[in-house]
file model_38.csv (CSV, C-alpha atoms and all ligand atoms)
chain,number,residue,atom,x,y,z
A,215,MET,CA,98.3,47.1,14.0
A,216,ASP,CA,98.3,46.3,17.8
A,217,ARG,CA,98.3,49.5,19.9
A,218,GLN,CA,101.5,48.5,21.7
A,219,ASP,CA,103.3,48.1,18.3
A,220,GLU,CA,102.0,51.5,17.3
A,221,LEU,CA,103.4,53.0,20.5
A,222,SER,CA,106.7,51.4,19.9
A,223,ILE,CA,107.0,53.1,16.6
A,224,ILE,CA,105.9,56.5,18.2
A,225,ARG,CA,108.5,55.9,20.9
A,226,ALA,CA,111.2,55.3,18.4
A,227,ALA,CA,110.4,58.5,16.5
A,228,TYR,CA,110.3,60.4,19.8
A,229,ALA,CA,113.8,59.0,20.8
A,230,LYS,CA,115.1,60.2,17.5
A,231,GLN,CA,113.5,63.7,17.8
A,232,ILE,CA,114.6,64.4,21.3
A,233,LEU,CA,118.2,63.4,20.7
A,234,ALA,CA,118.2,65.7,17.7
A,235,ALA,CA,116.7,68.5,19.8
A,236,GLY,CA,119.4,67.9,22.5
A,237,GLY,CA,122.2,67.9,19.8
A,238,VAL,CA,123.1,64.4,20.8
A,239,ASP,CA,124.4,61.6,18.5
A,240,ASN,CA,124.4,58.4,20.6
A,241,ALA,CA,122.8,55.2,19.4
A,242,ARG,CA,122.8,53.5,22.8
A,243,LEU,CA,121.0,56.4,24.4
A,244,GLN,CA,118.5,56.6,21.5
A,245,ALA,CA,117.8,52.9,22.0
A,246,ALA,CA,117.2,53.5,25.7
A,247,PHE,CA,114.7,56.4,25.0
A,248,GLY,CA,113.1,54.1,22.4
A,249,ALA,CA,112.7,51.2,24.9
A,250,ILE,CA,111.5,52.8,28.1
A,251,ARG,CA,107.7,53.5,28.4
A,252,ARG,CA,107.3,57.0,29.8
A,253,GLU,CA,103.6,56.2,30.6
A,254,ASP,CA,104.8,53.6,33.1
A,255,PHE,CA,106.3,56.3,35.3
A,256,LEU,CA,103.8,59.1,35.3
A,257,GLY,CA,100.7,57.6,36.9
A,258,PRO,CA,97.3,57.3,35.2
A,259,GLY,CA,96.4,60.0,32.7
A,260,PRO,CA,95.3,62.5,31.7
A,261,TRP,CA,98.7,64.1,32.5
A,262,PRO,CA,99.5,67.7,33.4
A,263,ILE,CA,101.9,68.8,30.7
A,264,LEU,CA,103.8,72.0,31.0
A,265,ARG,CA,102.9,74.1,27.9
A,266,TRP,CA,105.2,77.2,27.9
A,267,PRO,CA,104.5,80.1,27.9
A,268,ARG,CA,101.2,78.9,29.5
A,269,ASP,CA,101.1,76.7,32.6
A,270,TYR,CA,100.1,73.0,32.9
A,271,LEU,CA,97.4,71.8,30.5
A,272,LEU,CA,95.9,68.4,31.0
A,273,SER,CA,96.4,66.1,28.1
A,274,PRO,CA,93.0,65.7,26.2
A,275,ASP,CA,92.8,62.0,27.3
A,276,THR,CA,94.8,59.1,28.5
A,277,ASP,CA,96.5,58.3,25.2
A,278,PRO,CA,100.2,57.9,25.9
A,279,VAL,CA,101.0,59.5,22.6
A,280,TYR,CA,100.8,62.9,24.5
A,281,LEU,CA,103.9,61.9,26.6
A,282,TYR,CA,106.1,61.4,23.5
A,283,THR,CA,107.0,65.1,23.0
A,284,ASN,CA,109.8,67.2,24.3
A,285,ASP,CA,107.7,68.5,27.2
A,286,LEU,CA,107.9,68.5,31.0
A,287,VAL,CA,105.1,66.6,32.7
A,288,GLY,CA,104.0,67.4,36.3
A,289,ILE,CA,104.6,64.6,38.8
A,290,VAL,CA,103.6,66.8,41.7
A,291,PRO,CA,102.4,69.9,39.8
A,292,GLU,CA,101.2,71.8,42.9
A,293,ARG,CA,104.9,71.8,44.0
A,294,ARG,CA,106.1,72.2,40.4
A,295,ILE,CA,108.0,68.9,40.6
A,296,ASN,CA,108.2,67.7,37.0
A,297,ASN,CA,109.4,64.8,34.9
A,298,GLY,CA,112.2,66.8,33.2
A,299,GLN,CA,112.5,67.8,29.6
A,300,PRO,CA,113.6,64.7,27.6
A,301,SER,CA,116.1,66.6,25.2
A,302,TRP,CA,117.8,68.2,28.2
A,303,HIS,CA,118.2,64.9,30.0
A,304,ALA,CA,119.5,63.3,26.7
A,305,HIS,CA,122.2,66.0,26.6
A,306,LEU,CA,123.2,65.5,30.3
A,307,ILE,CA,123.1,61.7,30.2
A,308,HIS,CA,125.2,61.7,27.1
A,309,GLN,CA,127.7,63.9,28.9
A,310,ALA,CA,127.7,61.5,31.9
A,311,SER,CA,128.1,58.6,29.4
A,312,PRO,CA,127.1,55.6,31.6
A,313,ALA,CA,128.6,52.4,30.2
A,314,ALA,CA,127.4,48.9,30.5
A,315,GLY,CA,128.6,47.4,33.9
A,316,GLU,CA,128.9,50.8,35.6
A,317,HIS,CA,127.3,51.9,38.9
A,318,VAL,CA,125.2,54.9,38.5
A,319,VAL,CA,123.8,57.0,41.4
A,320,HIS,CA,120.7,59.1,40.5
A,321,VAL,CA,120.0,61.8,43.0
A,322,GLY,CA,116.4,63.1,42.7
A,323,THR,CA,114.9,60.0,41.0
A,324,GLY,CA,111.3,61.4,41.2
A,325,THR,CA,109.1,58.6,39.9
A,326,GLY,CA,111.9,56.9,38.1
A,327,TYR,CA,111.6,57.5,34.3
A,328,TYR,CA,115.2,58.7,33.9
A,329,THR,CA,116.4,56.1,36.4
A,330,ALA,CA,115.0,53.5,34.1
A,331,ILE,CA,116.9,55.1,31.1
A,332,LEU,CA,120.1,55.0,33.2
A,333,ALA,CA,119.4,51.3,34.2
A,334,HIS,CA,119.0,50.5,30.5
A,335,LEU,CA,122.4,52.0,29.8
A,336,ALA,CA,124.1,50.3,32.8
A,337,GLY,CA,122.7,47.0,31.6
A,338,ARG,CA,122.4,43.8,33.5
A,339,SER,CA,126.1,43.8,34.5
A,340,GLY,CA,125.7,47.3,35.9
A,341,ARG,CA,123.3,48.9,38.4
A,342,VAL,CA,121.6,52.1,39.5
A,343,THR,CA,121.0,53.5,43.0
A,344,GLY,CA,118.2,56.0,42.8
A,345,ILE,CA,117.9,58.3,45.8
A,346,GLU,CA,114.7,60.3,46.4
A,347,TYR,CA,114.0,62.7,49.2
A,348,ASP,CA,110.2,62.8,49.0
A,349,SER,CA,108.7,59.7,50.6
A,350,GLU,CA,105.7,59.5,48.3
A,351,LEU,CA,107.8,59.9,45.2
A,352,ALA,CA,110.3,57.3,46.5
A,353,ALA,CA,107.4,54.8,47.0
A,354,ARG,CA,106.2,55.5,43.5
A,355,ALA,CA,109.7,55.0,42.1
A,356,LYS,CA,110.1,51.8,44.0
A,357,ALA,CA,106.9,50.4,42.6
A,358,ASN,CA,107.6,51.6,39.0
A,359,LEU,CA,111.1,50.2,39.0
A,360,ALA,CA,110.3,46.9,40.9
A,361,PRO,CA,110.6,44.9,37.6
A,362,ARG,CA,114.2,46.0,37.1
A,363,PRO,CA,116.6,43.9,39.2
A,364,ASN,CA,119.5,46.3,38.6
A,365,VAL,CA,117.8,49.2,40.3
A,366,GLU,CA,117.7,50.0,44.1
A,367,ILE,CA,115.7,52.9,45.3
A,368,VAL,CA,116.6,54.6,48.6
A,369,GLU,CA,114.4,57.2,50.3
A,370,GLY,CA,116.6,60.0,51.8
A,371,ASP,CA,118.8,63.0,51.2
A,372,GLY,CA,121.1,62.3,48.3
A,373,ALA,CA,123.8,64.4,49.8
A,374,LEU,CA,123.9,62.3,53.0
A,375,VAL,CA,122.9,58.8,52.0
A,376,SER,CA,126.0,56.6,51.8
A,377,PHE,CA,126.4,54.5,48.6
A,378,ASP,CA,129.1,52.3,47.0
A,379,GLU,CA,131.7,54.0,44.8
A,380,ALA,CA,130.0,55.4,41.7
A,381,ASP,CA,131.1,55.7,38.1
A,382,VAL,CA,128.3,58.2,37.4
A,383,ILE,CA,126.5,60.5,39.9
A,384,TYR,CA,123.6,62.1,38.1
A,385,VAL,CA,122.1,64.9,40.2
A,386,ASN,CA,118.6,66.2,39.2
A,387,ALA,CA,118.0,69.0,41.7
A,388,GLY,CA,119.6,72.4,42.1
A,389,CYS,CA,122.5,72.8,44.6
A,390,THR,CA,124.6,75.7,45.7
A,391,ARG,CA,127.6,73.4,46.6
A,392,PRO,CA,128.8,69.9,45.8
A,393,ALA,CA,128.1,67.4,48.6
A,394,GLN,CA,131.4,66.0,50.1
A,395,ASN,CA,129.9,62.5,49.8
A,396,TRP,CA,129.6,62.9,46.0
A,397,LEU,CA,133.2,64.0,45.6
A,398,ASP,CA,134.4,61.3,48.0
A,399,ARG,CA,132.4,58.5,46.4
A,400,LEU,CA,133.1,59.3,42.7
A,401,ALA,CA,135.3,56.5,41.3
A,402,ASP,CA,138.6,57.3,39.5
A,403,GLY,CA,137.3,58.2,35.9
A,404,GLY,CA,133.8,58.8,37.3
A,405,ARG,CA,131.6,61.6,36.2
A,406,LEU,CA,129.4,63.9,38.4
A,407,ILE,CA,126.6,65.9,36.7
A,408,LEU,CA,126.1,68.8,39.1
A,409,PRO,CA,123.4,71.5,38.6
A,410,MET,CA,124.2,74.7,40.5
A,411,THR,CA,121.4,77.1,40.9
A,412,SER,CA,121.0,80.4,42.7
A,413,ASP,CA,117.6,81.1,44.4
A,414,GLN,CA,116.7,82.8,41.0
A,415,GLY,CA,117.2,79.4,39.4
A,416,PHE,CA,113.8,77.8,40.0
A,417,GLY,CA,110.8,79.0,38.0
A,418,ALA,CA,113.1,81.0,35.7
A,419,SER,CA,111.7,80.3,32.3
A,420,ALA,CA,113.1,83.1,30.1
A,421,PRO,CA,116.3,81.7,28.6
A,422,GLU,CA,118.3,84.8,29.4
A,423,ARG,CA,117.2,84.7,33.1
A,424,MET,CA,117.8,81.0,33.3
A,425,ALA,CA,121.3,81.3,31.8
A,426,SER,CA,122.4,83.6,34.7
A,427,ALA,CA,120.7,81.7,37.5
A,428,GLY,CA,121.8,78.1,36.9
A,429,ALA,CA,124.7,76.2,35.5
A,430,VAL,CA,125.3,72.5,35.1
A,431,PHE,CA,128.9,71.3,35.5
A,432,ARG,CA,130.4,67.9,34.5
A,433,ILE,CA,133.0,67.0,37.0
A,434,GLU,CA,135.4,64.2,36.1
A,435,ARG,CA,137.6,62.6,38.7
A,436,ARG,CA,141.1,61.5,37.7
A,437,GLY,CA,142.9,60.3,40.8
A,438,HIS,CA,143.0,63.3,43.2
A,439,ASP,CA,142.1,65.7,40.4
A,440,TYR,CA,138.6,66.9,39.5
A,441,PHE,CA,138.2,68.4,36.0
A,442,ALA,CA,135.2,70.6,35.6
A,443,THR,CA,133.3,71.7,32.4
A,444,TRP,CA,130.2,73.8,32.1
A,445,ILE,CA,127.6,71.9,30.0
A,446,SER,CA,124.3,73.6,30.2
A,447,PRO,CA,122.1,76.4,31.7
A,448,VAL,CA,119.4,75.2,34.1
A,449,ALA,CA,116.4,76.1,36.1
A,450,ILE,CA,115.4,73.2,38.4
A,451,PHE,CA,113.7,72.2,41.6
A,452,PRO,CA,116.0,72.9,44.6
A,453,CYS,CA,118.1,70.1,46.2
A,454,ALA,CA,117.1,69.7,49.8
A,455,GLY,CA,120.1,69.7,52.2
A,456,SER,CA,122.5,71.1,49.5
A,457,ARG,CA,121.8,74.7,50.0
A,458,ASP,CA,122.5,77.3,52.7
A,459,GLU,CA,122.4,81.0,53.0
A,460,VAL,CA,126.1,81.6,52.8
A,461,SER,CA,126.7,79.5,49.7
A,462,GLU,CA,123.5,80.8,48.2
A,463,ARG,CA,124.9,84.4,48.4
A,464,ALA,CA,128.3,83.3,47.1
A,465,LEU,CA,126.7,81.6,44.1
A,466,ALA,CA,124.5,84.6,43.3
A,467,GLU,CA,127.7,86.8,43.4
A,468,ALA,CA,129.5,84.3,41.1
A,469,PHE,CA,126.6,84.4,38.6
A,470,ALA,CA,126.6,88.2,38.7
A,471,LYS,CA,130.3,88.3,37.6
A,472,ALA,CA,129.8,85.6,34.9
A,473,GLY,CA,132.8,83.4,33.8
A,474,TRP,CA,131.2,80.0,34.6
A,475,GLN,CA,131.9,78.8,31.1
A,476,GLN,CA,135.7,79.3,31.7
A,477,VAL,CA,135.7,77.0,34.8
A,478,THR,CA,138.1,74.0,34.3
A,479,ARG,CA,138.7,72.5,37.7
A,480,LEU,CA,137.2,71.7,41.0
A,481,TYR,CA,139.8,71.9,43.8
A,482,ARG,CA,139.4,70.4,47.2
A,483,ASP,CA,141.4,71.5,50.3
A,484,GLN,CA,143.9,73.5,48.3
A,485,GLU,CA,144.8,77.2,48.6
A,486,ILE,CA,143.7,78.7,45.2
A,487,PRO,CA,144.3,82.4,44.7
A,488,ALA,CA,140.9,84.2,44.7
A,489,GLU,CA,141.4,85.6,41.2
A,490,ARG,CA,141.4,82.0,39.8
A,491,CYS,CA,138.2,81.0,41.6
A,492,TRP,CA,134.8,81.5,40.0
A,493,LEU,CA,133.1,80.2,43.2
A,494,SER,CA,134.5,79.0,46.5
A,495,GLY,CA,133.2,77.4,49.6
A,496,PRO,CA,134.7,75.8,52.7
A,497,GLY,CA,137.2,73.2,51.4
A,498,TRP,CA,136.4,73.5,47.7
A,499,CYS,CA,136.3,75.9,44.8
A,500,LEU,CA,135.4,75.9,41.1
A,501,ALA,CA,138.4,77.6,39.4
A,502,TYR,CA,139.7,78.6,36.0
A,503,SER,CA,142.7,76.2,36.0
A,601,LIG,C1,113.2,68.3,39.1
A,601,LIG,S1,112.6,66.9,40.1
A,601,LIG,C2,113.2,65.6,39.0
A,601,LIG,C3,112.6,64.3,39.1
A,601,LIG,C4,113.0,63.3,38.1
A,601,LIG,N1,114.4,63.3,37.9
A,601,LIG,C5,112.3,63.4,36.8
A,601,LIG,O1,112.8,64.1,35.9
A,601,LIG,O2,111.2,62.8,36.7
A,601,LIG,C6,113.8,66.9,41.4
A,601,LIG,C7,113.6,65.8,42.4
A,601,LIG,O3,114.7,65.8,43.3
A,601,LIG,C8,114.2,65.5,44.6
A,601,LIG,N2,115.1,65.9,45.6
A,601,LIG,C9,115.3,67.2,46.0
A,601,LIG,N3,116.3,67.2,47.0
A,601,LIG,C10,116.8,66.0,47.1
A,601,LIG,C11,117.8,65.4,47.8
A,601,LIG,N4,118.6,66.1,48.7
A,601,LIG,N5,118.0,64.0,47.7
A,601,LIG,C12,117.3,63.3,46.9
A,601,LIG,N6,116.3,63.8,46.1
A,601,LIG,C13,116.0,65.1,46.2
A,601,LIG,C14,112.8,66.1,44.6
A,601,LIG,O4,112.0,65.5,45.6
A,601,LIG,C15,112.3,65.8,43.2
A,601,LIG,O5,111.7,64.6,43.1

call {"tool": "encode", "arguments": {"input": "model_38.csv", "output": "structure tokens", "more": "lines below"}}
Ligand SMILES: C[S@@+](CC[C@H](N)C(=O)[O-])C[C@H]1O[C@@H](n2cnc3c(N)ncnc32)[C@H](O)[C@@H]1O
result
Amino acid sequence: MDRQDELSIIRAAYAKQILAAGGVDNARLQAAFGAIRREDFLGPGPWPILRWPRDYLLSPDTDPVYLYTNDLVGIVPERRINNGQPSWHAHLIHQASPAAGEHVVHVGTGTGYYTAILAHLAGRSGRVTGIEYDSELAARAKANLAPRPNVEIVEGDGALVSFDEADVIYVNAGCTRPAQNWLDRLADGGRLILPMTSDQGFGASAPERMASAGAVFRIERRGHDYFATWISPVAIFPCAGSRDEVSERALAEAFAKAGWQQVTRLYRDQEIPAERCWLSGPGWCLAYS
């Protein structure tokens, strides 16, 4: 059998395994993970693969089979910037549910692997705007995604770059507050996937520590209302420009008192009694109802 045919079979098995590991039943998403070649986004091998509880271990050789596991792979390992865990992304992308024809904004595109998965889901009638802060990574993403006409890569701060109204905003870096831009530019019916992390939230690997240092919320806009649901614990690389000392402290205090799983709403510019807020900042709060 031709090597590419062999890899297609391996990729199909990987897609099935990682959706199962993420607890996701979604045929379109499984097809996307089965179609996109992870090796096209991670540079030439051998690749630094994060092997918990140890550190990065280089794959024994350049056979792409080593990329079809549920592991994180270093894209800038010296800064601990990784291509994220496939089953975790499967869960979050399923929650964002990008449909064909939609506009998806991907903040923290890295070298573009998950941007390509999102582009596959948005289809030819949809499109993805990938935003990456690091100029070298943005250049790599541009090159990797050049064959995909429905993807545009922008180098910059995802909290500040302006973009067309989005049906999905998929944020892949840890924030202490939602960017105004994301809330403003979310379409009616749009979904924002927002990882909130305290300064304990990066490098936390023990599940119990991770659970109290980071939380991912799914925010759905309906008219002027924003409905919020906790969807996952998280430890992730910090989002440049979406953190500051005051909101860092407020988030650490919110994690200390727990209750993030009871959050149901994100309110903007409304007076919400303090006892109903899990976390508040200037002009916004995450609240219990
Ligand atoms: C955890 S990595 C994920 C990369 C990619 N999603 C993947 O899984 O391969 C987080 C990425 O977010 C980028 N980043 C951090 N702050 C950002 C910001 N304000 N705007 C855009 N990208 C940002 C980092 O440079 C890094 O590439």

call {"tool": "closest_residue", "arguments": {"input": "model_38.csv", "among": "A:Gly455, A:Gly344, A:Gly288, A:Pro363", "to": "ligand LIG 601 (chain A)", "atoms": "all atoms listed in the file"}}
result
A:Gly455

call {"tool": "closest_residue", "arguments": {"input": "model_38.csv", "among": "A:Ala442, A:Met410, A:Ala333, A:Ile383", "to": "Thr478 (chain A)", "atoms": "all atoms listed in the file"}}
result
A:Ala442

call {"tool": "residues_around", "arguments": {"input": "model_38.csv", "residues": "Arg294 (chain A)", "least_positions_apart": "4", "cutoff": "10 Å", "atoms": "only C-alpha atoms", "output": "JSON, numbers by chain"}}
result
{"A": [264, 270, 287, 288, 289, 290, 416, 417, 450, 451]}

call {"tool": "residues_near_ligand", "arguments": {"input": "model_38.csv", "ligand": "ligand LIG 601 (chain A)", "cutoff": "7 Å", "atoms": "only C-alpha atoms and all ligand atoms", "output": "mmCIF file with C-alpha atoms, in the coordinates of the input"}}
result
data_model
loop_
_atom_site.group_PDB
_atom_site.id
_atom_site.type_symbol
_atom_site.label_atom_id
_atom_site.label_comp_id
_atom_site.auth_asym_id
_atom_site.auth_seq_id
_atom_site.Cartn_x
_atom_site.Cartn_y
_atom_site.Cartn_z
ATOM 1 C CA ILE A 295 108.000 68.900 40.600
ATOM 2 C CA ASN A 296 108.200 67.700 37.000
ATOM 3 C CA ASN A 297 109.400 64.800 34.900
ATOM 4 C CA GLY A 298 112.200 66.800 33.200
ATOM 5 C CA VAL A 321 120.000 61.800 43.000
ATOM 6 C CA GLY A 322 116.400 63.100 42.700
ATOM 7 C CA THR A 323 114.900 60.000 41.000
ATOM 8 C CA GLY A 324 111.300 61.400 41.200
ATOM 9 C CA THR A 325 109.100 58.600 39.900
ATOM 10 C CA GLY A 326 111.900 56.900 38.100
ATOM 11 C CA TYR A 327 111.600 57.500 34.300
ATOM 12 C CA TYR A 328 115.200 58.700 33.900
ATOM 13 C CA ILE A 345 117.900 58.300 45.800
ATOM 14 C CA GLU A 346 114.700 60.300 46.400
ATOM 15 C CA TYR A 347 114.000 62.700 49.200
ATOM 16 C CA ASP A 348 110.200 62.800 49.000
ATOM 17 C CA LEU A 351 107.800 59.900 45.200
ATOM 18 C CA GLY A 370 116.600 60.000 51.800
ATOM 19 C CA ASP A 371 118.800 63.000 51.200
ATOM 20 C CA GLY A 372 121.100 62.300 48.300
ATOM 21 C CA ALA A 373 123.800 64.400 49.800
ATOM 22 C CA ASN A 386 118.600 66.200 39.200
ATOM 23 C CA ALA A 387 118.000 69.000 41.700
ATOM 24 C CA ILE A 450 115.400 73.200 38.400
ATOM 25 C CA PHE A 451 113.700 72.200 41.600
ATOM 26 C CA PRO A 452 116.000 72.900 44.600
ATOM 27 C CA CYS A 453 118.100 70.100 46.200
ATOM 28 C CA ALA A 454 117.100 69.700 49.800
ATOM 29 C CA GLY A 455 120.100 69.700 52.200
ATOM 30 C CA SER A 456 122.500 71.100 49.500
#

call {"tool": "atom_distance", "arguments": {"input": "model_38.csv", "atom1": "CA of Ala245 (chain A)", "atom2": "CA of Val365 (chain A)"}}
result
18.7 Å

call {"tool": "build_atoms", "arguments": {"input": "model_38.csv", "residues": "region 375-385 of chain A", "atoms": "all heavy atoms", "output": "PDB file, in the coordinates of the input"}}
result
ATOM      1  N   VAL A 375     122.980  60.213  52.126  1.00  0.00           N
ATOM      2  CA  VAL A 375     122.900  58.800  52.000  1.00  0.00           C
ATOM      3  C   VAL A 375     124.208  58.191  51.560  1.00  0.00           C
ATOM      4  O   VAL A 375     124.806  58.718  50.630  1.00  0.00           O
ATOM      5  CB  VAL A 375     121.766  58.390  50.999  1.00  0.00           C
ATOM      6  CG1 VAL A 375     121.848  56.931  50.591  1.00  0.00           C
ATOM      7  CG2 VAL A 375     120.385  58.725  51.540  1.00  0.00           C
ATOM      8  N   SER A 376     124.683  57.127  52.231  1.00  0.00           N
ATOM      9  CA  SER A 376     126.000  56.600  51.800  1.00  0.00           C
ATOM     10  C   SER A 376     125.685  55.543  50.668  1.00  0.00           C
ATOM     11  O   SER A 376     124.645  54.892  50.660  1.00  0.00           O
ATOM     12  CB  SER A 376     126.726  55.946  52.944  1.00  0.00           C
ATOM     13  OG  SER A 376     126.184  54.702  53.226  1.00  0.00           O
ATOM     14  N   PHE A 377     126.588  55.496  49.718  1.00  0.00           N
ATOM     15  CA  PHE A 377     126.400  54.500  48.600  1.00  0.00           C
ATOM     16  C   PHE A 377     127.800  54.048  48.193  1.00  0.00           C
ATOM     17  O   PHE A 377     128.822  54.660  48.521  1.00  0.00           O
ATOM     18  CB  PHE A 377     125.671  55.190  47.430  1.00  0.00           C
ATOM     19  CG  PHE A 377     126.201  56.519  46.974  1.00  0.00           C
ATOM     20  CD1 PHE A 377     127.333  56.614  46.175  1.00  0.00           C
ATOM     21  CD2 PHE A 377     125.560  57.710  47.350  1.00  0.00           C
ATOM     22  CE1 PHE A 377     127.820  57.853  45.755  1.00  0.00           C
ATOM     23  CE2 PHE A 377     126.046  58.955  46.940  1.00  0.00           C
ATOM     24  CZ  PHE A 377     127.179  59.026  46.139  1.00  0.00           C
ATOM     25  N   ASP A 378     127.807  52.909  47.463  1.00  0.00           N
ATOM     26  CA  ASP A 378     129.100  52.300  47.000  1.00  0.00           C
ATOM     27  C   ASP A 378     129.675  53.301  45.955  1.00  0.00           C
ATOM     28  O   ASP A 378     128.945  54.054  45.295  1.00  0.00           O
ATOM     29  CB  ASP A 378     128.821  50.997  46.286  1.00  0.00           C
ATOM     30  CG  ASP A 378     128.350  49.940  47.272  1.00  0.00           C
ATOM     31  OD1 ASP A 378     128.542  50.137  48.490  1.00  0.00           O
ATOM     32  OD2 ASP A 378     127.775  48.928  46.816  1.00  0.00           O
ATOM     33  N   GLU A 379     130.971  53.212  45.802  1.00  0.00           N
ATOM     34  CA  GLU A 379     131.700  54.000  44.800  1.00  0.00           C
ATOM     35  C   GLU A 379     130.925  54.054  43.489  1.00  0.00           C
ATOM     36  O   GLU A 379     130.442  53.010  43.042  1.00  0.00           O
ATOM     37  CB  GLU A 379     133.075  53.438  44.626  1.00  0.00           C
ATOM     38  CG  GLU A 379     134.007  54.329  43.871  1.00  0.00           C
ATOM     39  CD  GLU A 379     135.404  53.739  43.815  1.00  0.00           C
ATOM     40  OE1 GLU A 379     135.611  52.812  43.000  1.00  0.00           O
ATOM     41  OE2 GLU A 379     136.267  54.217  44.575  1.00  0.00           O
ATOM     42  N   ALA A 380     130.815  55.231  42.884  1.00  0.00           N
ATOM     43  CA  ALA A 380     130.000  55.400  41.700  1.00  0.00           C
ATOM     44  C   ALA A 380     130.783  55.816  40.482  1.00  0.00           C
ATOM     45  O   ALA A 380     131.688  56.656  40.594  1.00  0.00           O
ATOM     46  CB  ALA A 380     128.868  56.385  41.967  1.00  0.00           C
ATOM     47  N   ASP A 381     130.438  55.264  39.323  1.00  0.00           N
ATOM     48  CA  ASP A 381     131.100  55.700  38.100  1.00  0.00           C
ATOM     49  C   ASP A 381     130.385  56.954  37.541  1.00  0.00           C
ATOM     50  O   ASP A 381     131.004  57.772  36.864  1.00  0.00           O
ATOM     51  CB  ASP A 381     130.961  54.581  37.022  1.00  0.00           C
ATOM     52  CG  ASP A 381     131.612  53.306  37.523  1.00  0.00           C
ATOM     53  OD1 ASP A 381     132.843  53.313  37.653  1.00  0.00           O
ATOM     54  OD2 ASP A 381     130.891  52.346  37.835  1.00  0.00           O
ATOM     55  N   VAL A 382     129.081  57.062  37.831  1.00  0.00           N
ATOM     56  CA  VAL A 382     128.300  58.200  37.400  1.00  0.00           C
ATOM     57  C   VAL A 382     127.459  58.671  38.626  1.00  0.00           C
ATOM     58  O   VAL A 382     126.834  57.822  39.275  1.00  0.00           O
ATOM     59  CB  VAL A 382     127.386  57.941  36.233  1.00  0.00           C
ATOM     60  CG1 VAL A 382     126.415  59.096  35.977  1.00  0.00           C
ATOM     61  CG2 VAL A 382     128.204  57.655  34.973  1.00  0.00           C
ATOM     62  N   ILE A 383     127.467  59.968  38.936  1.00  0.00           N
ATOM     63  CA  ILE A 383     126.500  60.500  39.900  1.00  0.00           C
ATOM     64  C   ILE A 383     125.722  61.568  39.133  1.00  0.00           C
ATOM     65  O   ILE A 383     126.282  62.565  38.661  1.00  0.00           O
ATOM     66  CB  ILE A 383     127.201  61.109  41.145  1.00  0.00           C
ATOM     67  CG1 ILE A 383     128.078  60.039  41.821  1.00  0.00           C
ATOM     68  CG2 ILE A 383     126.158  61.649  42.132  1.00  0.00           C
ATOM     69  CD1 ILE A 383     128.894  60.546  43.014  1.00  0.00           C
ATOM     70  N   TYR A 384     124.435  61.293  38.967  1.00  0.00           N
ATOM     71  CA  TYR A 384     123.600  62.100  38.100  1.00  0.00           C
ATOM     72  C   TYR A 384     122.608  62.864  39.059  1.00  0.00           C
ATOM     73  O   TYR A 384     121.674  62.265  39.583  1.00  0.00           O
ATOM     74  CB  TYR A 384     122.839  61.237  37.127  1.00  0.00           C
ATOM     75  CG  TYR A 384     122.053  61.978  36.067  1.00  0.00           C
ATOM     76  CD1 TYR A 384     122.665  62.935  35.271  1.00  0.00           C
ATOM     77  CD2 TYR A 384     120.706  61.714  35.855  1.00  0.00           C
ATOM     78  CE1 TYR A 384     121.956  63.611  34.297  1.00  0.00           C
ATOM     79  CE2 TYR A 384     119.983  62.383  34.871  1.00  0.00           C
ATOM     80  CZ  TYR A 384     120.618  63.324  34.094  1.00  0.00           C
ATOM     81  OH  TYR A 384     119.923  64.009  33.125  1.00  0.00           O
ATOM     82  N   VAL A 385     122.863  64.162  39.272  1.00  0.00           N
ATOM     83  CA  VAL A 385     122.100  64.900  40.200  1.00  0.00           C
ATOM     84  C   VAL A 385     120.989  65.695  39.469  1.00  0.00           C
ATOM     85  O   VAL A 385     121.293  66.426  38.530  1.00  0.00           O
ATOM     86  CB  VAL A 385     122.962  65.898  41.049  1.00  0.00           C
ATOM     87  CG1 VAL A 385     122.119  66.662  42.076  1.00  0.00           C
ATOM     88  CG2 VAL A 385     124.091  65.140  41.750  1.00  0.00           C
TER      89      VAL A 385
END
